[in-house]
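Undergrad: Have a peek at model.pdb (PDB, C-alpha atoms and all ligand atoms).
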ATOM      1  CA  MET A   1      10.323 111.337  69.370  1.00  0.00           C
ATOM      2  CA  ALA A   2       9.322 107.725  68.847  1.00  0.00           C
ATOM      3  CA  LYS A   3       7.863 106.037  71.847  1.00  0.00           C
ATOM      4  CA  LYS A   4       9.546 102.991  73.197  1.00  0.00           C
ATOM      5  CA  LYS A   5       7.009 100.213  73.473  1.00  0.00           C
ATOM      6  CA  PRO A   6       7.532  98.019  76.491  1.00  0.00           C
ATOM      7  CA  THR A   7       8.376  94.463  75.729  1.00  0.00           C
ATOM      8  CA  ALA A   8       6.089  91.919  77.320  1.00  0.00           C
ATOM      9  CA  ALA A   9       8.476  91.150  80.174  1.00  0.00           C
ATOM     10  CA  ASN A  10       9.150  94.788  81.122  1.00  0.00           C
ATOM     11  CA  PRO A  11       7.303  96.510  83.975  1.00  0.00           C
ATOM     12  CA  CYS A  12       3.830  97.664  82.977  1.00  0.00           C
ATOM     13  CA  PRO A  13       3.582 101.451  82.426  1.00  0.00           C
ATOM     14  CA  CYS A  14       0.566 101.589  84.772  1.00  0.00           C
ATOM     15  CA  GLY A  15       2.885 100.999  87.729  1.00  0.00           C
ATOM     16  CA  SER A  16       1.179  97.889  89.065  1.00  0.00           C
ATOM     17  CA  GLY A  17       4.559  96.252  89.668  1.00  0.00           C
ATOM     18  CA  LEU A  18       3.652  93.449  87.270  1.00  0.00           C
ATOM     19  CA  SER A  19       5.145  92.868  83.847  1.00  0.00           C
ATOM     20  CA  TYR A  20       3.256  94.282  80.877  1.00  0.00           C
ATOM     21  CA  GLN A  21       2.311  90.776  79.755  1.00  0.00           C
ATOM     22  CA  ALA A  22       0.907  89.919  83.200  1.00  0.00           C
ATOM     23  CA  CYS A  23      -0.960  93.222  83.502  1.00  0.00           C
ATOM     24  CA  CYS A  24      -2.359  95.397  80.726  1.00  0.00           C
ATOM     25  CA  GLN A  25      -1.253  93.504  77.607  1.00  0.00           C
ATOM     26  CA  PRO A  26      -4.032  90.863  77.749  1.00  0.00           C
ATOM     27  CA  CYS A  27      -6.633  93.658  77.750  1.00  0.00           C
ATOM     28  CA  HIS A  28      -4.926  95.305  74.791  1.00  0.00           C
ATOM     29  CA  GLN A  29      -5.082  91.952  73.016  1.00  0.00           C
ATOM     30  CA  GLY A  30      -8.823  91.618  73.494  1.00  0.00           C
ATOM     31  CA  GLN A  31      -9.289  89.973  76.877  1.00  0.00           C
ATOM     32  CA  ALA A  32     -12.062  91.549  78.947  1.00  0.00           C
ATOM     33  CA  ALA A  33     -10.874  93.520  81.972  1.00  0.00           C
ATOM     34  CA  THR A  34     -12.101  91.860  85.164  1.00  0.00           C
ATOM     35  CA  THR A  35     -12.553  95.064  87.191  1.00  0.00           C
ATOM     36  CA  PRO A  36     -13.033  98.799  86.539  1.00  0.00           C
ATOM     37  CA  GLU A  37      -9.546  99.364  87.962  1.00  0.00           C
ATOM     38  CA  ALA A  38      -8.018  96.860  85.518  1.00  0.00           C
ATOM     39  CA  LEU A  39      -9.762  98.613  82.640  1.00  0.00           C
ATOM     40  CA  MET A  40      -8.671 102.022  83.912  1.00  0.00           C
ATOM     41  CA  ARG A  41      -5.063 100.833  84.190  1.00  0.00           C
ATOM     42  CA  SER A  42      -5.158  99.360  80.692  1.00  0.00           C
ATOM     43  CA  ARG A  43      -6.513 102.660  79.378  1.00  0.00           C
ATOM     44  CA  TYR A  44      -3.752 104.639  81.080  1.00  0.00           C
ATOM     45  CA  THR A  45      -1.195 102.275  79.538  1.00  0.00           C
ATOM     46  CA  ALA A  46      -2.950 102.675  76.180  1.00  0.00           C
ATOM     47  CA  PHE A  47      -2.482 106.451  76.483  1.00  0.00           C
ATOM     48  CA  VAL A  48       1.221 105.871  77.180  1.00  0.00           C
ATOM     49  CA  LEU A  49       1.532 103.522  74.204  1.00  0.00           C
ATOM     50  CA  GLN A  50      -0.844 105.624  72.062  1.00  0.00           C
ATOM     51  CA  LEU A  51      -3.205 102.750  71.344  1.00  0.00           C
ATOM     52  CA  ASP A  52      -6.075 104.927  70.160  1.00  0.00           C
ATOM     53  CA  ASP A  53      -8.095 101.987  68.809  1.00  0.00           C
ATOM     54  CA  TYR A  54      -8.091 100.399  72.245  1.00  0.00           C
ATOM     55  CA  LEU A  55      -9.068 103.666  73.935  1.00  0.00           C
ATOM     56  CA  LEU A  56     -12.049 104.062  71.623  1.00  0.00           C
ATOM     57  CA  ALA A  57     -13.080 100.409  71.951  1.00  0.00           C
ATOM     58  CA  SER A  58     -13.091 100.623  75.754  1.00  0.00           C
ATOM     59  CA  TRP A  59     -15.090 103.867  75.755  1.00  0.00           C
ATOM     60  CA  HIS A  60     -18.837 103.540  76.265  1.00  0.00           C
ATOM     61  CA  PRO A  61     -20.634 104.256  72.953  1.00  0.00           C
ATOM     62  CA  SER A  62     -22.821 106.921  74.615  1.00  0.00           C
ATOM     63  CA  THR A  63     -19.840 109.140  75.437  1.00  0.00           C
ATOM     64  CA  ARG A  64     -17.182 107.918  72.991  1.00  0.00           C
ATOM     65  CA  PRO A  65     -15.626 110.649  70.837  1.00  0.00           C
ATOM     66  CA  PRO A  66     -15.668 110.011  67.070  1.00  0.00           C
ATOM     67  CA  GLU A  67     -11.895 109.899  67.009  1.00  0.00           C
ATOM     68  CA  LEU A  68      -8.852 110.486  69.165  1.00  0.00           C
ATOM     69  CA  ASP A  69      -5.741 112.395  68.283  1.00  0.00           C
ATOM     70  CA  LEU A  70      -2.968 111.412  70.657  1.00  0.00           C
ATOM     71  CA  LYS A  71      -0.217 113.243  68.812  1.00  0.00           C
ATOM     72  CA  ASN A  72      -0.258 116.141  71.263  1.00  0.00           C
ATOM     73  CA  SER A  73      -1.054 114.171  74.376  1.00  0.00           C
ATOM     74  CA  PRO A  74       1.171 114.748  77.390  1.00  0.00           C
ATOM     75  CA  LYS A  75       4.165 112.638  78.285  1.00  0.00           C
ATOM     76  CA  TRP A  76       2.565 110.448  80.908  1.00  0.00           C
ATOM     77  CA  ALA A  77       4.938 109.627  83.696  1.00  0.00           C
ATOM     78  CA  ARG A  78       3.064 107.802  86.431  1.00  0.00           C
ATOM     79  CA  LEU A  79      -0.341 106.571  87.512  1.00  0.00           C
ATOM     80  CA  GLU A  80      -1.622 106.503  91.064  1.00  0.00           C
ATOM     81  CA  VAL A  81      -4.909 104.754  91.797  1.00  0.00           C
ATOM     82  CA  VAL A  82      -6.368 106.430  94.888  1.00  0.00           C
ATOM     83  CA  SER A  83      -9.386 104.152  95.263  1.00  0.00           C
ATOM     84  CA  SER A  84     -11.627 101.941  93.217  1.00  0.00           C
ATOM     85  CA  HIS A  85     -14.779  99.977  93.723  1.00  0.00           C
ATOM     86  CA  ALA A  86     -17.429  98.163  91.756  1.00  0.00           C
ATOM     87  CA  GLU A  87     -21.007  97.299  92.578  1.00  0.00           C
ATOM     88  CA  GLY A  88     -22.893  95.221  90.060  1.00  0.00           C
ATOM     89  CA  ASP A  89     -22.383  96.709  86.634  1.00  0.00           C
ATOM     90  CA  ARG A  90     -21.239 100.114  87.858  1.00  0.00           C
ATOM     91  CA  GLY A  91     -17.768 101.030  88.997  1.00  0.00           C
ATOM     92  CA  GLN A  92     -15.696 104.025  89.985  1.00  0.00           C
ATOM     93  CA  VAL A  93     -11.971 104.657  89.999  1.00  0.00           C
ATOM     94  CA  HIS A  94     -10.353 107.700  91.580  1.00  0.00           C
ATOM     95  CA  PHE A  95      -6.888 108.235  90.158  1.00  0.00           C
ATOM     96  CA  ARG A  96      -4.103 110.735  89.669  1.00  0.00           C
ATOM     97  CA  ALA A  97      -2.057 110.694  86.486  1.00  0.00           C
ATOM     98  CA  TYR A  98       1.245 112.554  86.356  1.00  0.00           C
ATOM     99  CA  TYR A  99       2.871 113.950  83.236  1.00  0.00           C
ATOM    100  CA  ARG A 100       5.864 116.026  82.325  1.00  0.00           C
ATOM    101  CA  SER A 101       5.516 119.429  80.739  1.00  0.00           C
ATOM    102  CA  SER A 102       7.850 122.353  80.167  1.00  0.00           C
ATOM    103  CA  GLN A 103       6.725 123.608  83.601  1.00  0.00           C
ATOM    104  CA  GLY A 104       7.778 120.372  85.255  1.00  0.00           C
ATOM    105  CA  MET A 105       5.677 117.546  86.611  1.00  0.00           C
ATOM    106  CA  GLN A 106       1.932 118.111  86.359  1.00  0.00           C
ATOM    107  CA  MET A 107      -0.945 116.096  87.708  1.00  0.00           C
ATOM    108  CA  MET A 108      -4.498 115.444  86.583  1.00  0.00           C
ATOM    109  CA  GLU A 109      -6.986 113.923  88.956  1.00  0.00           C
ATOM    110  CA  GLU A 110     -10.238 112.273  87.994  1.00  0.00           C
ATOM    111  CA  GLU A 111     -13.055 110.188  89.360  1.00  0.00           C
ATOM    112  CA  SER A 112     -14.061 107.980  86.474  1.00  0.00           C
ATOM    113  CA  ASP A 113     -17.313 106.099  86.066  1.00  0.00           C
ATOM    114  CA  PHE A 114     -17.393 102.692  84.441  1.00  0.00           C
ATOM    115  CA  ILE A 115     -20.281 100.616  83.125  1.00  0.00           C
ATOM    116  CA  ARG A 116     -20.316  96.879  82.452  1.00  0.00           C
ATOM    117  CA  GLU A 117     -22.306  95.588  79.513  1.00  0.00           C
ATOM    118  CA  ASN A 118     -22.341  91.998  78.294  1.00  0.00           C
ATOM    119  CA  GLY A 119     -19.520  91.188  80.689  1.00  0.00           C
ATOM    120  CA  GLN A 120     -17.309  93.975  79.427  1.00  0.00           C
ATOM    121  CA  TRP A 121     -16.314  97.123  81.307  1.00  0.00           C
ATOM    122  CA  PHE A 122     -16.397 100.470  79.539  1.00  0.00           C
ATOM    123  CA  TYR A 123     -15.160 103.898  80.530  1.00  0.00           C
ATOM    124  CA  HIS A 124     -18.228 106.123  80.766  1.00  0.00           C
ATOM    125  CA  GLN A 125     -17.198 109.566  82.001  1.00  0.00           C
ATOM    126  CA  GLY A 126     -15.026 111.324  84.503  1.00  0.00           C
ATOM    127  CA  GLN A 127     -15.114 114.365  86.726  1.00  0.00           C
ATOM    128  CA  THR A 128     -12.532 116.276  88.682  1.00  0.00           C
ATOM    129  CA  PRO A 129     -13.031 115.566  92.390  1.00  0.00           C
ATOM    130  CA  ALA A 130     -14.436 118.472  94.387  1.00  0.00           C
TER     131      ALA A 130
HETATM  132 ZN    ZN B   1      -0.738  97.558  83.707  1.00  0.00          ZN
END
If you took the structure in this file and wrote it as structure tokens, what would it be?
Ligand SMILES: [Zn+2]
TA:
Amino acid sequence: MAKKKPTAANPCPCGSGLSYQACCQPCHQGQAATTPEALMRSRYTAFVLQLDDYLLASWHPSTRPPELDLKNSPKWARLEVVSSHAEGDRGQVHFRAYYRSSQGMQMMEEESDFIRENGQWFYHQGQTPA
């Protein structure tokens, strides 16, 4: 089934309450994310919109996979940012992402680490909270 891309004025898929053009679209168009949370949100939205180029570009080179295949990725339904903080060039975002499967609504939870280099935030790695 073809995905419906949000138009710029529609609510952003990341659930911020802002329009796509006021939220994640500028990142997708090359503007640097100002905080780890903004980058994390733009990456969630990129998963929804299947923007694999953006996901790879915002992935730190030390942990970036050679390629991404989003064809079989889940149907993301909702993002919930539990907490986020940044200190210097390191940041962390704790989030829950919900998706629909044949068993109903599922949830994945992650604490993601972010690194800033040359003024740009990158996703580094994530772990499931204990
Ligand atoms: Zn957004």
Undergrad: Could you list, as number ranges by chain, all the residues within 6 Å of ligand ZN 1 (chain B), counting all atoms listed in the file?
TA: A: 12-14, 16, 20, 23-24, 41-42
Undergrad: Could you list, as a PyMOL selection string, every residue matched by the PyMOL selection byres (((chain A and resi 107) around 9) and not hetatm) in this structure?
TA: chain A and resi 96-100+105-106+108-109
Undergrad: For the selection just defined, write its residues with C-alpha atoms to a file, as a compact mmCIF listing (two decimals), in the frame of the given file.
TA:
# COMPACT_ATOMS: atom_id res chain seq x y z
CA ARG A 96 -4.10 110.74 89.67
CA ALA A 97 -2.06 110.69 86.49
CA TYR A 98 1.25 112.55 86.36
CA TYR A 99 2.87 113.95 83.24
CA ARG A 100 5.86 116.03 82.32
CA MET A 105 5.68 117.55 86.61
CA GLN A 106 1.93 118.11 86.36
CA MET A 108 -4.50 115.44 86.58
CA GLU A 109 -6.99 113.92 88.96
Undergrad: Quick one: distance from CA of Ser19 in chain A to CA of Leu55 in chain A in Å, one decimal?
TA: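 For CA of Ser19 in chain A relative to CA of Leu55 in chain A, the distance reads 20.4 Å.
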Undergrad: Between A:Phe122, A:Ala46, A:Ala32, A:Ala77, which is the closest to Gly15 in chain A once you count all atoms listed in the file?
TA: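 Using all atoms listed in the file, Gly15 in chain A sits closest to A:Ala77.
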Undergrad: In Å, how far is it from CA of Gly88 in chain A to CA of Asp53 in chain A?
TA: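 Separating CA of Gly88 in chain A from CA of Asp53 in chain A is a distance of 26.8 Å.
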